[in-house]
Amino acid sequence: MVPLSWFLILGAALFAVGLFGVLARRNAIAILMGIELMLNAVNLNLLAFWRYLWSDSLTGVVFVIVVLAVAAAEVAVGLALIISIYRRRSTIVAEEINLLKW
Amino acid sequence: MIEDYLLTLILFTPLLAGLIVLLIPKDRLSLIRWFALLASLVPLVLSIYMWRAYDPGQPGFQFQVQVDWYPAIGSNFHLGVDGISVVLVLLATLLTPVSILISWNIKDRVRTYMALFLMLETGMLGVFLSLDLVLFFLFWELGLVPMYFLINQWGSEKGTRTVAGREISARNYASFKFMILTMAGSLGLLLAISLIGVVGDTFDIVEITRKWSVLDQPLTLLGLPISVPIGVVKSVAFWAFVVAFAVKVPIWPFHTWLPDAHTEAPTAGSMILAGVLLKLGAYGFLRLVLPLYPAQAKDFAWVLALLATISIVLGAFAAWGQKDFKRLVAYSSVNHMGFVVLGIAAAFYAAGTLSADDAVFAANGAVLQMFNHGLSAAGMFMLVGVIYDRTHTRDLASYGGLFPLAPIFGGILIFTSMASLGLPGLNGFVSEFLVVRGAWPIYTFFTALSMLGLLVTGIYILKGIRGALHGPLNEKYADTPMEITRREVIAIVPLMALMLLIGVWPSWIVEVFNETVMRLVGA
Amino acid sequence: MIETISWLIPLPPLLAFGLIVLFAYRSNRVSHTLGIGAMLITWALAMSVFLFAVSGGELPVSAEVEWLPTGDSSFNIGIWIDSLTAVTLFFVAWTMLAIFVYSVGYHNYGKARDPKDRPGLPPHAGGIDPMYARFFAFISLFAFGMLALVVTDNLLVLFVGWEIMGMCSYMLIGFWYGKDSAKAAMVKAFMTTRVGDVFMLLGLAYLYWLTGTLTYSEILFNPETLERLATTPSVLGPGTSAAALIALLFFIGTVGKSAQWPLHTWLPDAMEGPTPVSAMIHAATMVSAGIYLILRIFPLISAGWQPGEPLPDIMVIIAFIGAFTALFASTLAIGQNDIKRVLAYSTISQLGYMVAAVGIGAFVAAAFHLVVHAFFKGLLFLGSGSVIHGVEHGAHETGDHIDPNDMTHMGGLWKKMPLTFWTFLIGGLTLAGFPIVTAGFWSKDEILAEAFGTGHIAVFIVLALAAFITAFYIMRQITMTFLGKPRSEAAKHAHESTWTMTVPLVVLAIFSVTIGWAGIPRGFPVLSSLVPNWVQEFVDATLLEPAEALEFNSIPLLVSVSVALGGLLIGYLMYRRLEAGAPDPLARLGRVYVWIQDKFYFDELYDFLFVRPAYWFAETFVYRGIDRRVIDGFLHWVAGLAGRLGGFLRNKIDLPIINGTADLVGEGVKTASHEGRVIQTGRIQTYLVVGIIFTGALLSYIFFLL
């Protein structure tokens, strides 16, 4: 059986990739994808801990399902917003969306 | 039955009517006017009924109403009349419809004007009817506000005054001066009323009179560890009252608001101002000062007599010195009210002493003079208003020989002027004679000196008649319709009838207050 | 019955006044019918009272009703008819009736109204006066005032009538108010008499206080009251008695009303009124009322004095004023060319006689002269009005523009206006005291005899001198007006007035002669045995202690005859040949004549001494000085002070300290946030980086340092 730490390393790597995407990309869709990656890295961690340490209770699985639902909703709203912004301003570069700034 | 509600009805009908007037659409001018006139006749009818039903022989106040009103401070809604207030209520309710009738020529914001006027009537009546100090003060101040607006909004549009280098409109100046001086005067009144209320534990005038005037313990005020001799407290409170009333009367040297306010006010405003508002002060002297401070009144009566004499003499001279007809009439009020105060001063001095008989004469004269001055001053202001309406000037020198153009007006003007001058056979003489008779033994020198004022009264009255009516016809007005209109005649006829009636047969009105006055001065 | 009649006497004219003013003023005919009708009724009532009195009816008649309650008591008014009232009523009713009838003609009733005439100006060319109805209204009120004054039983109503007359005289002197001169004269008349009136009012107050009443019967005819008043020291100090001070105050009223020096200046100016008004003022009402007053209060004036004793101060003052006025005014009369002004000064002078008579205690003589004077002065005034009327007509016919009052334009009128001339002559001779036939002789003689007989020689000499001047000026007037040749076209074409004007003249002329026979002194040669001295007995009965009539003495008689005749003769001789345009023969007196013509500059003196300073005091001192500058100045100063205090509080405390602090806080926050907003980049990445760094730092802290 694969040891727990492998899963944790994979999760941490995925999280780091997602974090990088969020911090470094200017495209709003890319940022959104980065956030999805980070959420799934967390899901991976949750499932790994559940399977190795508390497999007799359902808490970890339920948590993952909730996170997936939230992520789906988030993507739906986020993409809708981005499309709306794109229609109005013809751009989805994050720095240029500055109407509320100052 | 109706007696129980009589005073309340008299007091609040005008206020109610004033509120109803505000509900009438503002372009229904004649409805507004007629409604205001008819509404103001209601208190008149009621007060005539009250005058008939009043029993002079019965001591104390009649038609009393007493309802809890502000129990926290021990103040009640307490109304009642004695002989003096009956007469003055009658005067106020008579002059209000007359003034409203004469206000037909007001074209601007009629609705507000009439509402204010009716409110003013409630304010005046309240002072005459209240038997509670807080209530008294409330109505005292209530009368000021409508008057302020009447002068400020409907006063004469022309004229400016320069004060401290700045030019302001005369009516603004006059209304402001009127308001501020009267308020300044009543400041002390409010404090003194509070003092009395705290010490006496009630604001009821009847009870206070009984308690306060015999109070002789030193007072500890405001919980401070100092006690003040009662004499000092009473003297201070006495002067607070006196100054408040003196401003209102007005007594020299507090009088300078009067010529300005009278001159700038609209005709009806001047009529009410001279006819009724000035009497509030004199009424205060008789209703409050004499019963509450008999000792101080006696001690300081000479000051009042001195100031009254100065008012009479200098008021007359100042009237003579005018070129403006309305201001001349305004100053005549200072002169005439001086006689009221002289009578009151004599009554102050002699009340309760051996010469109380003289005090009865003096006080009777003072009360009658209040009523008479109400009639003649209102009449004079009305006539000045009529002539101003036609010529748009108040400058005596610019009229000239209007008699042939307006014979009826001229006759009425001469009649009213003669009443104001104190021609025997008309009302002014009776009261002036009573005052002189009462004051002569008490203040011989002052009375003799006031005769100088009486002489100059003749001069300024004739100056007015002469400037307006006599002399070669002023061709400028040859084609102007000058004659007095029927509506104006209807307004002044009741006043003239009363002037003649009182002059020829004064007993019907003197009977009303004679016994009250006797009880008041302890004869 | 007689009480009712007495009550009614003053009322018809009052009623007429009211009716004319309210209803009848549109119709001249109805108005004068009302006026004269009322006067006729009054005349009949007065005559019946008079006849009742002289036929031995019981006097006094009195009745009263309550008028004004004062304290426990009340003031009553009523009527009081004694002999003095009766004789006063007699002459008042007659002269008034004559004047009323005369006014109809004088104001050209029956002529058409001239469309050029304006109310307030005399008719231009003999048309009816535009204010004809109004004239009758006022003159009726005037009559009411006098009648009320006469029949009343107390001093207060007397004062009421007194003042009503003052007002009516004001209105009537200024009847032609469109003239500036009339406008000035009316005010002058009213104000000058009012000077006296205010003193009188004081006297009333004083008397009322001391006695508690103003009724004649309780003061004047009550010896105890008089005694008490005479012994009470007055408010001025123990030197004068209360009675004397009150009498003096009343007397000042008389000085004003009867135009005695020094308050005489209004009467000549009062000639601005229509002539019937002048007659009314001079004969029937005003000035007679002044004398009536001092006769009425004679018991008060003479309280504590017995005939034969030296005069008390108050009587000396009265005698002095009267005698001085008599002489002074008569000298002024000789310098006047206005026919009515001569008569005006004559009135002042004659009233001086009466006042002097009262001053020396000659009650009856004064009353007698009052009656006689009313008749002949009424006659003279109405006569002069007739003359003016005639000359005015002449002037209209010839187009001659002259002053119709100016005697220098007259002359020779006796042929044109015979009835006027003869009656005027009778009046003039009565005034001069032409011996035996005229009433003036008997009444004036009685005053002179009293002055002489009671030992007041100074008064006697002054009055005798005045009598001489009187005879001179009246003869001057008669000569200039009626005798000689006409000195103008207008005078040539003058003609006699209508019957409504001449009949009153005749009636008054008859009385001017016959009245005297009622008062022929006892002991006068021949005549006294024919006619008893009725006046003495009847009028004296007014007083509680009637004085004894004096023994007859021929010295004053001779003096009075010689001054009268001498004056008349000199007057005739000097003026009979006066030519048109020639200077007055008196101009030879030089500067004195100028002074006389200018009335000794009393008008100018009063103007300088009283009127101007008083107006300056009123306008400049009291109004602009005290009220506007001092009092208003103070108020403005206080207002300014309040304004400055407010300004200080706002500008020095509120704005910098309180607002400043609050503003500092607000501004500080604002500045800080403004400066600090740069960290709000709005980029989520930045925030995340910061968040990670902080989280990292926090974790590091927890791991490595704890």
# chains A, B, ... in the order shown; residues from 1 in each chain; ligands from 1
$ residues_around --residues "Val75 of chain A" --least-positions-apart "3" --cutoff "9 Å" --atoms "only C-alpha atoms" --output "list in words"
Leu32, Met33, Glu36, Val70, Ala71, Ala72, Gly78, Leu79 and Ala80 of chain A
$ select_by_dssp --residues "chain A" --states "alpha helix (DSSP H)" --output "MDAnalysis selection string"
chainID A and resid 4:24 28:53 59:89
$ interface_residues --of "chain A" --to "chain C" --cutoff "12 Å" --atoms "only C-alpha atoms" --output "MDAnalysis selection string"
chainID A and resid 16 19:28 31:32 34:35 93:102
$ closest_residue --among "B:Trp212, B:Phe446, B:Phe433, B:Tyr388" --to "chain C" --atoms "only C-alpha atoms"
B:Phe433
$ closest_residue --among "C:Tyr106, C:Phe100, C:Phe421, C:Tyr615" --to "chain B" --atoms "only C-alpha atoms"
C:Tyr615
$ atom_distance --atom1 "atom CA of Val340 of chain B" --atom2 "atom CA of Thr447 of chain B"
12.4 Å
$ decode --residues "segment 5-97 of chain A" --atoms "C-alpha atoms" --output "JSON list (two decimals), in the first residue's frame"
[["chain", "number", "residue", "atom", "x", "y", "z"],
["A", 5, "SER", "CA", 3.00, 10.69, 2.76],
["A", 6, "TRP", "CA", 2.88, 10.18, -0.99],
["A", 7, "PHE", "CA", -0.63, 11.44, -1.12],
["A", 8, "LEU", "CA", 0.36, 14.36, 1.05],
["A", 9, "ILE", "CA", 3.25, 15.25, -1.21],
["A", 10, "LEU", "CA", 1.03, 15.05, -4.27],
["A", 11, "GLY", "CA", -1.55, 17.23, -2.48],
["A", 12, "ALA", "CA", 1.11, 19.77, -1.50],
["A", 13, "ALA", "CA", 2.43, 19.83, -5.07],
["A", 14, "LEU", "CA", -1.02, 20.33, -6.51],
["A", 15, "PHE", "CA", -1.67, 23.10, -3.99],
["A", 16, "ALA", "CA", 1.61, 24.78, -4.85],
["A", 17, "VAL", "CA", 0.78, 24.61, -8.55],
["A", 18, "GLY", "CA", -2.69, 26.10, -7.88],
["A", 19, "LEU", "CA", -1.20, 28.80, -5.65],
["A", 20, "PHE", "CA", 1.32, 29.72, -8.25],
["A", 21, "GLY", "CA", -1.46, 29.95, -10.85],
["A", 22, "VAL", "CA", -3.50, 32.25, -8.60],
["A", 23, "LEU", "CA", -0.59, 34.52, -7.70],
["A", 24, "ALA", "CA", 1.19, 34.65, -11.02],
["A", 25, "ARG", "CA", -1.41, 34.57, -13.78],
["A", 26, "ARG", "CA", -3.14, 37.76, -15.05],
["A", 27, "ASN", "CA", -5.90, 35.92, -16.84],
["A", 28, "ALA", "CA", -8.96, 35.69, -14.63],
["A", 29, "ILE", "CA", -9.88, 32.25, -15.92],
["A", 30, "ALA", "CA", -6.43, 30.99, -15.13],
["A", 31, "ILE", "CA", -6.77, 32.38, -11.60],
["A", 32, "LEU", "CA", -10.05, 30.56, -11.29],
["A", 33, "MET", "CA", -8.45, 27.37, -12.44],
["A", 34, "GLY", "CA", -5.68, 27.89, -9.88],
["A", 35, "ILE", "CA", -8.32, 28.14, -7.17],
["A", 36, "GLU", "CA", -9.90, 24.87, -8.41],
["A", 37, "LEU", "CA", -6.52, 23.19, -8.24],
["A", 38, "MET", "CA", -6.04, 24.35, -4.67],
["A", 39, "LEU", "CA", -9.47, 23.10, -3.68],
["A", 40, "ASN", "CA", -8.82, 19.70, -5.23],
["A", 41, "ALA", "CA", -5.43, 19.52, -3.47],
["A", 42, "VAL", "CA", -7.32, 19.97, -0.22],
["A", 43, "ASN", "CA", -9.84, 17.31, -1.30],
["A", 44, "LEU", "CA", -6.99, 14.94, -1.95],
["A", 45, "ASN", "CA", -5.60, 15.56, 1.52],
["A", 46, "LEU", "CA", -8.98, 15.08, 3.12],
["A", 47, "LEU", "CA", -9.59, 11.79, 1.37],
["A", 48, "ALA", "CA", -6.07, 10.56, 2.18],
["A", 49, "PHE", "CA", -6.42, 11.34, 5.89],
["A", 50, "TRP", "CA", -9.87, 9.78, 5.98],
["A", 51, "ARG", "CA", -8.72, 6.56, 4.33],
["A", 52, "TYR", "CA", -5.57, 6.13, 6.48],
["A", 53, "LEU", "CA", -6.63, 7.42, 9.85],
["A", 54, "TRP", "CA", -10.50, 7.60, 10.33],
["A", 55, "SER", "CA", -11.91, 5.15, 7.81],
["A", 56, "ASP", "CA", -14.65, 4.02, 10.22],
["A", 57, "SER", "CA", -16.50, 7.43, 9.99],
["A", 58, "LEU", "CA", -17.95, 9.25, 6.99],
["A", 59, "THR", "CA", -16.79, 12.76, 7.98],
["A", 60, "GLY", "CA", -13.94, 13.04, 5.44],
["A", 61, "VAL", "CA", -16.07, 11.96, 2.47],
["A", 62, "VAL", "CA", -18.86, 14.31, 3.40],
["A", 63, "PHE", "CA", -16.44, 17.18, 3.66],
["A", 64, "VAL", "CA", -15.06, 16.42, 0.20],
["A", 65, "ILE", "CA", -18.56, 16.32, -1.30],
["A", 66, "VAL", "CA", -19.38, 19.69, 0.28],
["A", 67, "VAL", "CA", -16.16, 21.18, -1.07],
["A", 68, "LEU", "CA", -16.89, 19.82, -4.54],
["A", 69, "ALA", "CA", -20.35, 21.33, -4.47],
["A", 70, "VAL", "CA", -18.98, 24.69, -3.35],
["A", 71, "ALA", "CA", -16.28, 24.52, -6.02],
["A", 72, "ALA", "CA", -18.84, 23.79, -8.71],
["A", 73, "ALA", "CA", -20.98, 26.73, -7.58],
["A", 74, "GLU", "CA", -17.94, 28.91, -7.45],
["A", 75, "VAL", "CA", -16.93, 28.06, -10.96],
["A", 76, "ALA", "CA", -20.45, 28.67, -12.22],
["A", 77, "VAL", "CA", -20.67, 32.15, -10.59],
["A", 78, "GLY", "CA", -17.05, 32.99, -11.31],
["A", 79, "LEU", "CA", -17.25, 32.11, -14.97],
["A", 80, "ALA", "CA", -20.53, 33.96, -15.34],
["A", 81, "LEU", "CA", -18.97, 37.08, -13.82],
["A", 82, "ILE", "CA", -15.94, 36.81, -16.01],
["A", 83, "ILE", "CA", -18.06, 36.44, -19.15],
["A", 84, "SER", "CA", -20.10, 39.46, -18.09],
["A", 85, "ILE", "CA", -16.97, 41.51, -17.51],
["A", 86, "TYR", "CA", -15.56, 40.39, -20.80],
["A", 87, "ARG", "CA", -18.67, 41.49, -22.61],
["A", 88, "ARG", "CA", -18.56, 44.93, -21.10],
["A", 89, "ARG", "CA", -14.87, 45.60, -21.14],
["A", 90, "SER", "CA", -13.50, 43.15, -23.70],
["A", 91, "THR", "CA", -10.81, 42.01, -21.30],
["A", 92, "ILE", "CA", -10.32, 39.51, -18.56],
["A", 93, "VAL", "CA", -6.93, 40.72, -17.41],
["A", 94, "ALA", "CA", -7.19, 41.13, -13.63],
["A", 95, "GLU", "CA", -5.31, 44.46, -13.34],
["A", 96, "GLU", "CA", -7.56, 46.10, -15.84],
["A", 97, "ILE", "CA", -10.68, 45.32, -13.86]]
